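Participant: For reference, this is query-v6.cif, and it has mmCIF, C-alpha atoms.
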data_final
loop_
_atom_site.group_PDB
_atom_site.id
_atom_site.type_symbol
_atom_site.label_atom_id
_atom_site.label_comp_id
_atom_site.auth_asym_id
_atom_site.auth_seq_id
_atom_site.Cartn_x
_atom_site.Cartn_y
_atom_site.Cartn_z
ATOM 1 C CA TRP H 24 -5.143 38.492 -17.677
ATOM 2 C CA LEU H 25 -3.783 39.204 -14.198
ATOM 3 C CA ALA H 26 -6.505 41.702 -13.335
ATOM 4 C CA ALA H 27 -9.258 39.503 -14.773
ATOM 5 C CA ARG H 28 -8.208 36.053 -13.522
ATOM 6 C CA TRP H 29 -6.590 36.629 -10.134
ATOM 7 C CA ALA H 30 -8.298 37.651 -6.934
ATOM 8 C CA GLN H 31 -8.189 41.414 -6.471
ATOM 9 C CA ALA H 32 -5.791 41.300 -3.501
ATOM 10 C CA GLY H 33 -3.433 38.950 -5.342
ATOM 11 C CA ALA H 34 -3.436 41.102 -8.463
ATOM 12 C CA LEU H 35 -2.756 44.254 -6.442
ATOM 13 C CA ALA H 36 0.062 42.509 -4.553
ATOM 14 C CA ALA H 37 1.563 41.349 -7.862
ATOM 15 C CA GLY H 38 1.305 44.928 -9.130
ATOM 16 C CA GLY H 39 3.152 46.213 -6.068
ATOM 17 C CA LEU H 40 5.854 43.588 -6.507
ATOM 18 C CA ALA H 41 6.157 44.377 -10.226
ATOM 19 C CA SER H 42 6.541 48.063 -9.415
ATOM 20 C CA ALA H 43 9.229 47.320 -6.831
ATOM 21 C CA ILE H 44 11.149 45.122 -9.274
ATOM 22 C CA ALA H 45 10.850 47.883 -11.880
ATOM 23 C CA ASN H 46 12.547 50.325 -9.496
ATOM 24 C CA TRP H 47 15.185 47.792 -8.477
ATOM 25 C CA ALA H 48 16.095 47.310 -12.151
ATOM 26 C CA PHE H 49 17.715 50.750 -11.962
ATOM 27 C CA VAL H 50 19.712 49.695 -8.903
ATOM 28 C CA TRP H 51 21.000 46.783 -10.978
ATOM 29 C CA LEU H 52 21.712 49.154 -13.884
ATOM 30 C CA TRP H 53 23.869 51.332 -11.618
ATOM 31 C CA HIS H 54 26.104 48.384 -10.727
ATOM 32 C CA VAL H 55 26.638 46.750 -14.158
ATOM 33 C CA PRO H 56 29.115 47.900 -16.798
ATOM 34 C CA VAL H 57 27.767 50.583 -19.107
ATOM 35 C CA SER H 58 26.017 49.037 -22.107
ATOM 36 C CA THR H 59 23.097 49.750 -24.347
ATOM 37 C CA GLY H 60 21.695 46.277 -23.701
ATOM 38 C CA ALA H 61 21.638 46.818 -19.939
ATOM 39 C CA LEU H 62 19.891 50.149 -20.413
ATOM 40 C CA TYR H 63 17.272 48.563 -22.690
ATOM 41 C CA ALA H 64 16.749 45.730 -20.204
ATOM 42 C CA ALA H 65 16.281 48.099 -17.262
ATOM 43 C CA ALA H 66 13.941 50.345 -19.249
ATOM 44 C CA GLY H 67 11.942 47.342 -20.454
ATOM 45 C CA ILE H 68 11.611 45.931 -16.946
ATOM 46 C CA ASP H 69 10.597 49.386 -15.707
ATOM 47 C CA GLN H 70 7.921 49.860 -18.352
ATOM 48 C CA PHE H 71 6.519 46.354 -17.950
ATOM 49 C CA GLY H 72 6.507 46.453 -14.145
ATOM 50 C CA HIS H 73 4.815 49.822 -13.880
ATOM 51 C CA ALA H 74 2.316 48.866 -16.597
ATOM 52 C CA VAL H 75 1.295 45.788 -14.607
ATOM 53 C CA ALA H 76 0.897 47.883 -11.457
ATOM 54 C CA ALA H 77 -1.069 50.598 -13.264
ATOM 55 C CA THR H 78 -3.385 48.103 -14.954
ATOM 56 C CA VAL H 79 -4.430 46.306 -11.792
ATOM 57 C CA PHE H 80 -4.782 49.661 -10.021
ATOM 58 C CA VAL H 81 -7.126 50.963 -12.728
ATOM 59 C CA VAL H 82 -9.231 47.822 -12.404
ATOM 60 C CA PHE H 83 -9.307 48.255 -8.630
ATOM 61 C CA LEU H 84 -10.374 51.899 -8.906
ATOM 62 C CA SER H 85 -13.030 50.960 -11.453
ATOM 63 C CA THR H 86 -14.542 48.411 -9.080
ATOM 64 C CA ALA H 87 -14.337 50.830 -6.142
ATOM 65 C CA THR H 88 -16.682 53.356 -7.736
ATOM 66 C CA ASN H 89 -20.464 53.447 -7.848
ATOM 67 C CA PRO H 90 -21.641 52.962 -11.459
ATOM 68 C CA ARG H 91 -24.063 55.911 -11.109
ATOM 69 C CA PHE H 92 -21.183 58.289 -10.344
ATOM 70 C CA GLY H 93 -18.305 56.327 -11.822
ATOM 71 C CA GLY H 94 -16.787 59.120 -13.889
ATOM 72 C CA ALA H 95 -16.604 61.647 -11.074
ATOM 73 C CA GLN H 96 -15.484 59.144 -8.452
ATOM 74 C CA TYR H 97 -12.855 57.605 -10.721
ATOM 75 C CA ALA H 98 -11.520 61.056 -11.630
ATOM 76 C CA PHE H 99 -11.287 62.017 -7.959
ATOM 77 C CA LEU H 100 -9.626 58.767 -6.840
ATOM 78 C CA SER H 101 -7.133 58.599 -9.700
ATOM 79 C CA GLY H 102 -6.256 62.281 -9.280
ATOM 80 C CA LEU H 103 -5.701 61.775 -5.569
ATOM 81 C CA ALA H 104 -3.578 58.670 -6.182
ATOM 82 C CA LEU H 105 -1.368 60.539 -8.656
ATOM 83 C CA MET H 106 -1.099 63.770 -6.670
ATOM 84 C CA VAL H 107 1.072 62.507 -3.807
ATOM 85 C CA PRO H 108 3.891 61.092 -5.982
ATOM 86 C CA ARG H 109 3.957 64.307 -8.017
ATOM 87 C CA LEU H 110 4.287 66.404 -4.867
ATOM 88 C CA VAL H 111 7.054 64.203 -3.465
ATOM 89 C CA SER H 112 9.005 63.996 -6.742
ATOM 90 C CA GLY H 113 10.026 67.636 -6.478
ATOM 91 C CA GLY H 114 12.592 66.739 -3.854
ATOM 92 C CA ALA H 115 13.875 63.620 -5.608
ATOM 93 C CA GLY H 116 17.005 65.335 -6.901
ATOM 94 C CA GLY H 117 18.043 66.304 -3.401
ATOM 95 C CA VAL H 118 17.449 62.763 -2.159
ATOM 96 C CA VAL H 119 19.540 61.326 -5.021
ATOM 97 C CA LYS H 120 22.304 63.797 -4.195
ATOM 98 C CA ALA H 121 22.234 62.754 -0.539
ATOM 99 C CA ILE H 122 21.976 58.953 -0.827
ATOM 100 C CA GLY H 123 22.971 58.221 -4.413
ATOM 101 C CA TYR H 124 21.156 56.991 -7.484
ATOM 102 C CA ASP H 125 21.097 53.364 -6.438
ATOM 103 C CA GLY H 126 19.994 54.211 -2.893
ATOM 104 C CA PHE H 127 17.121 56.285 -4.228
ATOM 105 C CA PHE H 128 15.782 53.457 -6.386
ATOM 106 C CA LEU H 129 16.366 50.900 -3.635
ATOM 107 C CA ILE H 130 14.191 52.938 -1.291
ATOM 108 C CA SER H 131 11.569 53.716 -3.943
ATOM 109 C CA GLY H 132 11.291 49.993 -4.693
ATOM 110 C CA ALA H 133 10.806 49.240 -1.008
ATOM 111 C CA LEU H 134 8.146 51.955 -0.817
ATOM 112 C CA SER H 135 6.347 50.274 -3.730
ATOM 113 C CA LEU H 136 5.867 47.239 -1.496
ATOM 114 C CA ALA H 137 4.509 49.223 1.470
ATOM 115 C CA PRO H 138 0.920 49.431 0.131
ATOM 116 C CA VAL H 139 0.807 45.623 0.004
ATOM 117 C CA LEU H 140 0.583 45.739 3.810
ATOM 118 C CA LEU H 141 -2.742 47.622 3.477
ATOM 119 C CA LEU H 142 -4.305 45.079 1.110
ATOM 120 C CA PRO H 143 -6.135 43.053 3.778
ATOM 121 C CA PHE H 144 -7.922 46.237 4.862
ATOM 122 C CA VAL H 145 -8.558 47.649 1.383
ATOM 123 C CA THR H 146 -9.913 44.457 -0.156
ATOM 124 C CA ARG H 147 -12.503 44.113 2.617
ATOM 125 C CA LEU H 148 -14.047 47.475 1.730
ATOM 126 C CA ARG H 149 -17.295 47.261 -0.200
ATOM 127 C CA PRO H 150 -19.259 50.076 -1.831
ATOM 128 C CA ARG H 151 -22.548 51.133 -0.327
ATOM 129 C CA ALA H 152 -25.728 49.950 -1.980
#
What is this file in structure tokens?
Facilitator:
Amino acid sequence: WLAARWAQAGALAAGGLASAIANWAFVWLWHVPVSTGALYAAAGIDQFGHAVAATVFVVFLSTATNPRFGGAQYAFLSGLALMVPRLVSGGAGGVVKAIGYDGFFLISGALSLAPVLLLPFVTRLRPRA
């Protein structure tokens, strides 16, 4: 519904916000008493938030490709988008050790909002004829 009904920039911004909230759920989890319910809540928020972000991103990538070469362009763009987080995640354990679990997820949530600043530029781009 979000990807189909909202303007592309609004849907992408909502996806970025949902992803940030998903990361911040683990900051909350770190500070509440240990309970199964809190773990389920944080995991549910995480899954929902990242699913929203992924869905609107897939729609964006699908509209950013030329229909004649959609498969190749989509594969390239999605692979590129997923490569950077995979390369950075190798050092995540060291970052957690240095700043703590809650600090790591606080920063990763803030970084989820950073791409929202690029939305005015990205949404103006149009494919060539």
Participant: Excluding Val145 in chain H and its own-chain neighbours fewer than 3 positions away, which residues fall within 12 Å of it when counting all atoms listed in the file? Please give them as an mmCIF file with C-alpha atoms, in the coordinates of the input.
Facilitator:
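Saved result, out29.cif, follows:
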data_model
loop_
_atom_site.group_PDB
_atom_site.id
_atom_site.type_symbol
_atom_site.label_atom_id
_atom_site.label_comp_id
_atom_site.auth_asym_id
_atom_site.auth_seq_id
_atom_site.Cartn_x
_atom_site.Cartn_y
_atom_site.Cartn_z
ATOM 1 C CA GLN H 31 -8.189 41.414 -6.471
ATOM 2 C CA ALA H 32 -5.791 41.300 -3.501
ATOM 3 C CA LEU H 35 -2.756 44.254 -6.442
ATOM 4 C CA ALA H 36 0.062 42.509 -4.553
ATOM 5 C CA PHE H 83 -9.307 48.255 -8.630
ATOM 6 C CA LEU H 84 -10.374 51.899 -8.906
ATOM 7 C CA ALA H 87 -14.337 50.830 -6.142
ATOM 8 C CA PRO H 138 0.920 49.431 0.131
ATOM 9 C CA VAL H 139 0.807 45.623 0.004
ATOM 10 C CA LEU H 140 0.583 45.739 3.810
ATOM 11 C CA LEU H 141 -2.742 47.622 3.477
ATOM 12 C CA LEU H 142 -4.305 45.079 1.110
ATOM 13 C CA LEU H 148 -14.047 47.475 1.730
ATOM 14 C CA ARG H 149 -17.295 47.261 -0.200
ATOM 15 C CA PRO H 150 -19.259 50.076 -1.831
#
Participant: Report, in Å with one decimal, the straight-line distance from CA of Val75 in chain H to CA of Ala37 in chain H.
Facilitator: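 CA of Ala37 in chain H lies at a distance of 8.1 Å from CA of Val75 in chain H.
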Participant: Considering only C-alpha atoms, state which residue in the set H:Leu25, H:Leu62, H:Val50, H:Ala43 is at the smallest distance from Phe127 in chain H.
Facilitator: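 Among the listed residues, the smallest separation from Phe127 in chain H belongs to H:Val50.
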Participant: Would you pick out the contacts of range 118-126 of chain H at 12 Å or less, using all atoms listed in the file, so that residues sharing its chain but fewer than 5 positions from it are not included, and give the list as a PyMOL selection string?
Facilitator: chain H and resi 46-55+111-113+131-133
Participant: State, in Å with one decimal place, the distance from CA of Ala76 in chain H to CA of Ser42 in chain H.
Facilitator: 6.0 Å
Participant: Do you have the CA of Arg28 in chain H-CA of Thr78 in chain H distance handy?
Facilitator: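 Computed distance, CA of Arg28 in chain H to CA of Thr78 in chain H, equals 13.1 Å.
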Participant: For each of H:Val81, H:Leu134, H:Thr146, H:Ala65, take the minimum atom-to-atom distance to Leu105 in chain H, counting only C-alpha atoms, then give the residue where this is smallest.
Facilitator: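 Among the listed residues, the smallest separation from Leu105 in chain H belongs to H:Val81.
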Participant: Under the rule that only C-alpha atoms are counted, which of H:Gly94, H:Gly38, H:Gly114, H:Pro143 is the nearest residue to Ala77 in chain H?
Facilitator: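 Checking each of H:Gly94, H:Gly38, H:Gly114, H:Pro143 against Ala77 in chain H, counting only C-alpha atoms, the winner is H:Gly38.
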Participant: Which one of H:Asn89, H:Trp29, H:Val82, H:Leu136 sits closest to Ser101 in chain H if you count all atoms listed in the file?
Facilitator: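 Comparing H:Asn89, H:Trp29, H:Val82, H:Leu136 against Ser101 in chain H, the winner is H:Val82.
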Participant: Ranking H:Ala45, H:Gln96, H:Leu40, H:Ser135 by minimum distance to Asp69 in chain H and counting all atoms listed in the file, which one comes first?
Facilitator: H:Ala45
Participant: Report the centre and edge lengths, in Å to one decimal, of an axis-aligned box enclosing every atom of range 29-33 of chain H listed in the file, padded by 8 Å on each side, as JSON.
Facilitator:
{"center_x": -5.9, "center_y": 39.0, "center_z": -6.8, "size_x": 20.9, "size_y": 20.8, "size_z": 22.6}
Participant: Can you work out which one of H:Tyr97, H:Phe80, H:Phe92, H:Phe128 has the shortest atom-to-atom distance to Ala26 in chain H, counting all atoms listed in the file?
Facilitator: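 Checking each of H:Tyr97, H:Phe80, H:Phe92, H:Phe128 against Ala26 in chain H, counting all atoms listed in the file, the winner is H:Phe80.
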